[in-house]
Each structure stands twice: as structure tokens, then as C-alpha cells.
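Listing of entry.txt, compact mmCIF, C-alpha atoms and all ligand atoms
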# COMPACT_ATOMS: atom_id res chain seq x y z
CA MET N 489 21.98 9.02 -34.23
CA GLY N 490 22.95 12.13 -36.28
CA ASN N 491 21.42 15.32 -34.92
CA GLN N 492 18.83 13.54 -32.73
CA ASP N 493 18.21 15.13 -29.34
CA LEU N 494 19.57 12.51 -26.94
CA SER N 495 17.92 14.09 -23.88
CA ASP N 496 14.60 12.33 -24.75
CA LEU N 497 16.12 8.83 -24.77
CA PRO N 498 15.64 6.61 -21.73
CA MET N 499 18.84 6.41 -19.73
CA LYS N 500 19.96 3.05 -18.38
CA VAL N 501 22.04 3.06 -15.20
CA LYS N 502 23.87 -0.11 -14.25
CA LEU N 503 23.68 -0.19 -10.46
CA PRO N 504 26.44 -1.44 -8.20
CA LYS N 505 25.72 -5.01 -7.02
CA PRO N 506 23.75 -4.98 -3.73
CA ASP N 507 26.63 -6.61 -1.87
CA ASP N 508 29.43 -4.47 -3.33
CA ALA N 509 29.51 -2.36 -0.18
CA GLY N 510 29.30 -5.39 2.12
CA ARG N 511 26.25 -6.98 3.69
CA SER N 512 24.55 -5.54 6.76
CA HIS N 513 22.65 -7.82 9.11
CA ILE N 514 19.27 -6.55 7.94
CA GLU N 515 20.26 -7.23 4.33
CA GLU N 516 21.14 -10.81 5.32
CA LEU N 517 17.70 -11.22 6.88
CA ILE N 518 16.00 -9.80 3.80
CA THR N 519 18.00 -12.15 1.57
CA LYS N 520 17.08 -15.19 3.64
CA ARG N 521 13.37 -14.38 4.02
CA ARG N 522 11.24 -17.07 2.38
CA SER N 523 7.73 -18.37 2.90
CA ILE N 524 8.09 -21.57 4.91
CA ARG N 525 5.20 -24.04 4.97
CA GLU N 526 6.58 -26.96 6.97
CA TYR N 527 7.54 -26.83 10.60
CA ALA N 528 9.29 -29.00 13.17
CA ASP N 529 7.14 -30.68 15.81
CA ARG N 530 8.28 -28.32 18.54
CA GLU N 531 6.33 -25.90 20.72
CA LEU N 532 6.82 -22.15 20.78
CA SER N 533 7.54 -20.77 24.25
CA GLU N 534 5.55 -17.91 25.75
CA PRO N 535 8.53 -15.49 25.51
CA LEU N 536 8.88 -16.33 21.84
CA ILE N 537 5.18 -15.76 21.16
CA SER N 538 5.52 -12.47 23.03
CA ARG N 539 8.36 -11.36 20.75
CA PHE N 540 6.37 -12.09 17.61
CA LEU N 541 3.33 -10.21 18.89
CA TRP N 542 5.51 -7.25 19.74
CA ALA N 543 7.08 -7.27 16.26
CA THR N 544 3.61 -7.37 14.69
CA GLN N 545 1.90 -4.53 16.58
CA GLY N 546 3.83 -3.83 19.78
CA THR N 547 4.84 -0.38 20.96
CA SER N 548 8.32 0.95 20.31
CA SER N 549 8.09 4.48 21.74
CA LYS N 550 6.99 6.24 24.91
CA GLU N 551 4.19 7.89 22.94
CA GLY N 552 2.73 4.53 21.97
CA LEU N 553 3.94 4.45 18.37
CA ARG N 554 4.19 0.91 17.08
CA THR N 555 6.67 -1.43 15.42
CA ALA N 556 4.88 -1.02 12.06
CA PRO N 557 3.93 2.32 10.52
CA SER N 558 0.29 3.44 10.42
CA ALA N 559 -1.33 6.24 8.40
CA GLY N 560 -2.11 9.04 10.84
CA ALA N 561 -1.07 6.65 13.66
CA LEU N 562 -4.68 5.46 13.73
CA TYR N 563 -3.78 1.78 14.04
CA PRO N 564 -6.65 -0.08 12.37
CA LEU N 565 -5.00 -3.49 12.83
CA GLU N 566 -5.79 -6.10 15.46
CA VAL N 567 -3.70 -9.18 16.12
CA HIS N 568 -5.06 -12.50 17.36
CA VAL N 569 -2.96 -15.51 18.19
CA VAL N 570 -4.16 -19.06 17.70
CA ILE N 571 -2.37 -21.41 20.06
CA GLY N 572 -2.47 -25.17 19.71
CA GLU N 573 -2.25 -27.89 22.31
CA GLY N 574 1.22 -28.28 23.81
CA SER N 575 2.50 -24.74 23.33
CA GLY N 576 3.85 -22.22 25.82
CA LEU N 577 0.31 -21.02 26.61
CA GLU N 578 -3.02 -22.76 27.16
CA ALA N 579 -4.58 -23.67 23.82
CA GLY N 580 -7.04 -21.12 22.52
CA ILE N 581 -7.48 -17.96 20.54
CA TYR N 582 -6.28 -14.76 22.15
CA ARG N 583 -6.44 -11.07 21.25
CA TYR N 584 -3.25 -9.06 21.62
CA VAL N 585 -3.65 -5.83 23.60
CA THR N 586 -0.89 -3.59 22.34
CA GLU N 587 -1.11 -0.95 25.06
CA GLU N 588 -0.57 -3.51 27.83
CA HIS N 589 1.46 -6.01 25.83
CA SER N 590 -0.93 -8.66 27.09
CA LEU N 591 -3.29 -11.31 25.75
CA ILE N 592 -6.98 -11.78 26.41
CA GLN N 593 -8.33 -15.24 25.79
CA GLU N 594 -11.29 -15.07 23.43
CA ILE N 595 -11.95 -18.75 22.73
CA PRO N 596 -10.58 -21.71 24.71
CA GLY N 597 -9.34 -24.93 23.09
CA ASP N 598 -7.29 -25.92 20.08
CA MET N 599 -8.90 -24.16 17.10
CA ARG N 600 -6.14 -24.83 14.55
CA LYS N 601 -8.06 -27.48 12.59
CA LYS N 602 -11.14 -25.26 12.29
CA LEU N 603 -9.05 -22.29 11.17
CA SER N 604 -7.22 -24.45 8.64
CA GLU N 605 -10.55 -25.62 7.22
CA ALA N 606 -11.66 -21.99 6.90
CA ALA N 607 -8.48 -21.37 4.88
CA LEU N 608 -9.06 -23.88 2.06
CA SER N 609 -7.64 -26.58 4.35
CA GLN N 610 -4.12 -25.21 4.10
CA GLY N 611 -2.32 -27.77 6.27
CA MET N 612 0.33 -25.44 7.61
CA ILE N 613 -2.24 -23.75 9.88
CA LYS N 614 -3.15 -27.11 11.42
CA ASN N 615 0.46 -28.20 11.77
CA ALA N 616 2.07 -25.01 13.11
CA PRO N 617 2.02 -24.77 16.90
CA VAL N 618 0.91 -21.14 16.70
CA SER N 619 -0.63 -18.82 14.10
CA LEU N 620 -0.99 -15.09 14.12
CA LEU N 621 -4.06 -13.56 12.57
CA ILE N 622 -3.91 -9.95 11.48
CA SER N 623 -7.27 -8.27 11.02
CA ALA N 624 -8.49 -4.73 10.42
CA ILE N 625 -11.19 -2.59 11.96
CA TYR N 626 -11.61 -0.34 8.94
CA PRO N 627 -13.75 2.39 10.56
CA ARG N 628 -10.76 3.39 12.69
CA ILE N 629 -9.02 4.62 9.55
CA THR N 630 -11.83 5.23 7.02
CA SER N 631 -13.34 7.73 9.47
CA LYS N 632 -10.42 10.01 8.63
CA TYR N 633 -9.31 8.92 5.15
CA GLY N 634 -12.56 7.67 3.63
CA LYS N 635 -12.30 4.83 1.09
CA ARG N 636 -8.56 5.39 0.85
CA GLY N 637 -8.31 4.18 4.45
CA LEU N 638 -9.03 0.64 3.19
CA ARG N 639 -5.83 0.55 1.18
CA TYR N 640 -3.92 2.08 4.07
CA ALA N 641 -5.05 -0.76 6.34
CA HIS N 642 -3.91 -3.33 3.77
CA MET N 643 -0.54 -1.62 3.41
CA GLU N 644 -0.15 -1.65 7.17
CA ALA N 645 -0.83 -5.38 7.32
CA GLY N 646 2.05 -5.81 4.84
CA HIS N 647 4.38 -3.85 7.10
CA ALA N 648 3.40 -5.86 10.15
CA ALA N 649 3.75 -9.15 8.28
CA GLN N 650 7.23 -8.25 7.02
CA ASN N 651 8.32 -7.66 10.63
CA VAL N 652 7.13 -11.18 11.45
CA TYR N 653 8.97 -12.68 8.48
CA LEU N 654 12.25 -10.93 9.35
CA LEU N 655 12.11 -11.74 13.06
CA GLY N 656 11.43 -15.32 12.03
CA VAL N 657 14.59 -15.45 9.92
CA GLU N 658 16.58 -14.16 12.89
CA LEU N 659 15.09 -16.70 15.33
CA GLY N 660 14.86 -19.77 13.07
CA ILE N 661 11.06 -19.63 12.94
CA GLY N 662 9.33 -20.15 9.62
CA THR N 663 6.16 -18.38 8.54
CA CYS N 664 4.05 -17.74 5.46
CA THR N 665 1.56 -14.98 4.78
CA ILE N 666 -1.79 -16.62 4.02
CA GLY N 667 -4.40 -14.54 2.26
CA ALA N 668 -6.47 -17.36 0.72
CA PHE N 669 -9.35 -18.08 3.09
CA GLU N 670 -13.12 -17.74 3.40
CA ASP N 671 -13.60 -14.44 5.19
CA GLU N 672 -16.92 -15.38 6.78
CA GLU N 673 -15.66 -18.79 7.90
CA VAL N 674 -12.57 -17.26 9.52
CA LYS N 675 -14.74 -14.64 11.21
CA LYS N 676 -16.95 -17.41 12.58
CA VAL N 677 -14.00 -19.35 13.98
CA LEU N 678 -12.73 -16.24 15.76
CA LYS N 679 -16.21 -14.93 16.63
CA MET N 680 -15.16 -11.59 15.20
CA PRO N 681 -17.45 -8.58 15.50
CA ALA N 682 -19.12 -7.40 12.28
CA ASN N 683 -16.79 -4.38 11.94
CA GLU N 684 -13.60 -6.48 11.93
CA ASP N 685 -12.17 -8.23 8.85
CA PRO N 686 -9.42 -10.83 8.68
CA LEU N 687 -6.46 -9.99 6.40
CA TYR N 688 -3.60 -12.39 6.99
CA ILE N 689 -2.98 -15.67 8.77
CA MET N 690 0.67 -16.32 9.59
CA PRO N 691 1.56 -19.76 11.00
CA LEU N 692 4.73 -19.83 13.08
CA GLY N 693 6.93 -22.85 13.67
CA TYR N 694 10.54 -23.89 14.04
CA ILE N 695 12.13 -24.69 10.72
C1 LIG N 701 -1.12 -11.24 -0.23
C2 LIG N 701 -0.46 -12.60 -0.18
C3 LIG N 701 -1.25 -13.73 0.00
C4 LIG N 701 -0.64 -14.97 0.07
N1 LIG N 701 -1.43 -16.07 0.32
C5 LIG N 701 -0.86 -17.29 0.42
C6 LIG N 701 -1.67 -18.43 0.72
O1 LIG N 701 -2.87 -18.34 0.93
N2 LIG N 701 -1.04 -19.63 0.81
C7 LIG N 701 0.31 -19.77 0.61
O2 LIG N 701 0.80 -20.89 0.72
N3 LIG N 701 1.10 -18.70 0.34
C8 LIG N 701 0.54 -17.47 0.25
N4 LIG N 701 1.33 -16.37 0.00
C9 LIG N 701 2.80 -16.53 -0.07
C10 LIG N 701 3.31 -16.48 -1.52
O3 LIG N 701 2.96 -17.68 -2.18
C11 LIG N 701 4.85 -16.29 -1.51
O4 LIG N 701 5.15 -15.04 -0.93
C12 LIG N 701 5.43 -16.34 -2.93
O5 LIG N 701 5.35 -17.66 -3.44
C13 LIG N 701 6.88 -15.88 -2.98
O6 LIG N 701 7.70 -16.70 -2.15
P1 LIG N 701 8.55 -16.10 -0.92
O7 LIG N 701 7.61 -15.44 0.05
O8 LIG N 701 9.26 -17.28 -0.33
O9 LIG N 701 9.51 -15.09 -1.50
C14 LIG N 701 0.77 -15.11 -0.06
C15 LIG N 701 1.54 -13.96 -0.24
C16 LIG N 701 0.95 -12.72 -0.28
C17 LIG N 701 1.83 -11.50 -0.42
Same coordinates, now as C-alpha cells:
Amino acid sequence: MGNQDLSDLPMKVKLPKPDDAGRSHIEELITKRRSIREYADRELSEPLISRFLWATQGTSSKEGLRTAPSAGALYPLEVHVVIGEGSGLEAGIYRYVTEEHSLIQEIPGDMRKKLSEAALSQGMIKNAPVSLLISAIYPRITSKYGKRGLRYAHMEAGHAAQNVYLLGVELGIGTCTIGAFEDEEVKKVLKMPANEDPLYIMPLGYI
């Protein structure tokens, strides 16, 4: 190396192994998180569905702040839940109302097959007793942040989805983020208004 100035060289730091300082519960959950595409033939109870909706977009503070972060706390995301025959709630598609922690039925009947077909026939949507659908109403966030608001909404969907994955690991419920679907077909199945766009479908089922 001679007289070479070493300060310009990249420095490599060997990090301590992640489990050197022990393993916290959240680290266990992160380690075990996987996308699961096959589920047991077992219904999800209403309390369990309620817990997943809360983890996705429920409130976790008196001021109405939510379980997932949101740029400017503008909350562009909506959550719908698609419930099949034989689950803890009457089959149908419901919209989650965060402020009241309640559901409003939007479409009656078992819509899982139709939603699966709109998602390149991915069988896990048809087979899971319940699916969450995370969508965005972009104007809620682009009105403040302009085009950048689009990426914020997508980031927020990632946060919400990770909550679902991690709660699933804790409760023995498998899920998988599904982004491959025909937007217009999914919108038709859910009868979504023009200003709402689907982002993620997340089937839920016992492993
Ligand atoms: C944006 C996004 C879209 C995805 N879309 C699909 C999908 O349509 N179908 C599917 O089976 N998996 C989908 N996945 C799951 C990935 O295949 C999965 O995360 C990847 O194989 C890594 O496996 P892991 O989640 O078990 O770590 C998607 C994941 C992301 C982040």
C-alpha cells in the first residue's frame, strides 16, 4: 500500500451475528415470517378477523393514529375483507371502518372465486376462508404531496401488510401478499369507486 491514503478505501465492518445478544420475541416473528399459500380447511372466527383488521389499519392511540405509519397521518388506505361461506361472519365483502372498528357489508355472498379469477386465478384466494384487500384512495395523499403521494401510499401498504404477516406468525395464520391481479377486474368484483385502487390481496388461513 506504500504511501497511499487509506482514508479513501471502503471500510468493511463485520457485524455481530443477529442473535449474539439473544433473540427478542419480535425478532423470532420476523425470522419465521414466510409467504404461505396453502391453508387448513378451518374457518376464521369473528374475533380473529377483528384482530387482523385492527393490525392492518386499526387505531392505536386516543388521537386516532393507526397501527401502520402514514405520511402526514393522511391515511390513504382502505381495507376490505372478503369472507367465504362458513366463516365467523356472513359471506360477503365488507369495508373496514377504522374509526368505529366496524365492518359495513358492501356485497353479499361468497366472492372468493370471482376475486381469485381477477388475480390470475391464484388458487389461494379461493381456498383461504378470508382475504384482506388493501386499496388506496390516492387523492387523500396526493392533495398534499402531489405525485410523491403515490409512492407514500404504496409504502404504507407495505407497512400494513407487514403487520398482517407478523400477527399471522404469532397466531398460526398464514398469509401471502398478492400484487399480481387485473386492477379493473378486481375493482369490478369489489364495485370500487373510480378514485380507489387495489394494491394488495392477502389471503388468511390456518397453517
Ligand atoms: C409487491 C409484492 C407482490 C407479490 N405478489 C405475489 C403474487 O401475486 N403471488 C404470490 O404468490 N406471491 C406474491 N408475492 C410474495 C413473494 O413471492 C414472496 O414474498 C417472495 O417469494 C419471498 O418469500 P417470503 O415472503 O416467504 O420471504 C408478492 C410479494 C410482494 C412484496
- [ ] May I have the residues within 10 Å of ligand LIG 701 (chain N), computed using all atoms listed in the file, as a PyMOL selection string?
- [x] chain N and resi 518-525+607-608+610-612+642+645-646+649-650+653+663-669+687-690
TODO: Using all atoms listed in the file, pick whichever of N:Pro691, N:Pro617, N:Glu573, N:His568 has the shortest atom-to-atom distance to N:Lys675.
DONE: N:His568
Open item on the list: When you look at N:Glu531 with a cut-off of 10 Å (counting only C-alpha atoms), what residues show up, excluding the ones that are within fewer than 2 positions of it in the same chain? I need them as a list of chain:residue names.
Closed with: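 The neighbour list is N:Ala528, N:Asp529, N:Ser533, N:Glu534, N:Leu536, N:Ile571, N:Gly572, N:Glu573, N:Gly574, N:Ser575, N:Gly576, N:Leu577, N:Ala616, N:Pro617, N:Val618, N:Leu692, N:Gly693, N:Tyr694.
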Export, as a short mmCIF file (atom, residue, chain, number, x, y, z; two decimals), in the frame of the given file, the selected residues with C-alpha atoms.
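Once everything was written out, this is selection-v8.cif:
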data_model
loop_
_atom_site.label_atom_id
_atom_site.label_comp_id
_atom_site.auth_asym_id
_atom_site.auth_seq_id
_atom_site.Cartn_x
_atom_site.Cartn_y
_atom_site.Cartn_z
CA ALA N 528 9.29 -29.00 13.17
CA ASP N 529 7.14 -30.68 15.81
CA SER N 533 7.54 -20.77 24.25
CA GLU N 534 5.55 -17.91 25.75
CA LEU N 536 8.88 -16.33 21.84
CA ILE N 571 -2.37 -21.41 20.06
CA GLY N 572 -2.47 -25.17 19.71
CA GLU N 573 -2.25 -27.89 22.31
CA GLY N 574 1.22 -28.28 23.81
CA SER N 575 2.50 -24.74 23.33
CA GLY N 576 3.85 -22.22 25.82
CA LEU N 577 0.31 -21.02 26.61
CA ALA N 616 2.07 -25.01 13.11
CA PRO N 617 2.02 -24.77 16.90
CA VAL N 618 0.91 -21.14 16.70
CA LEU N 692 4.73 -19.83 13.08
CA GLY N 693 6.93 -22.85 13.67
CA TYR N 694 10.54 -23.89 14.04
#
TODO: Check the smallest atom-to-atom distance from each of N:Glu670, N:Asp508, N:Glu578, N:Glu684 to N:Lys602 using all atoms listed in the file, then report the winner.
DONE: N:Glu670
Calculate, to one decimal in Å, the centre and edge lengths of the box along x, y and z of the file that holds all listed atoms of stretch 598-617 of chain N with 8 Å of margin on each side, and present them as lines of an AutoDock Vina configuration file.
center_x = -4.8
center_y = -24.8
center_z = 11.1
size_x = 29.7
size_y = 22.8
size_z = 34.0
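If you measure from each of N:Ala648, N:Glu587, N:Leu603, N:Ile695 to N:Asp671 using all atoms listed in the file, the closest one turns out to be N:Leu603.
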Task: Closest of N:Ala556, N:Leu659, N:Leu503, N:Leu517 to N:Leu532 - atom-to-atom distances counting all atoms listed in the file - done: N:Leu659
Task: Separation of atom CA of N:Leu621 from atom CA of N:His513, in Å and rounded to one decimal - done: 27.5 Å
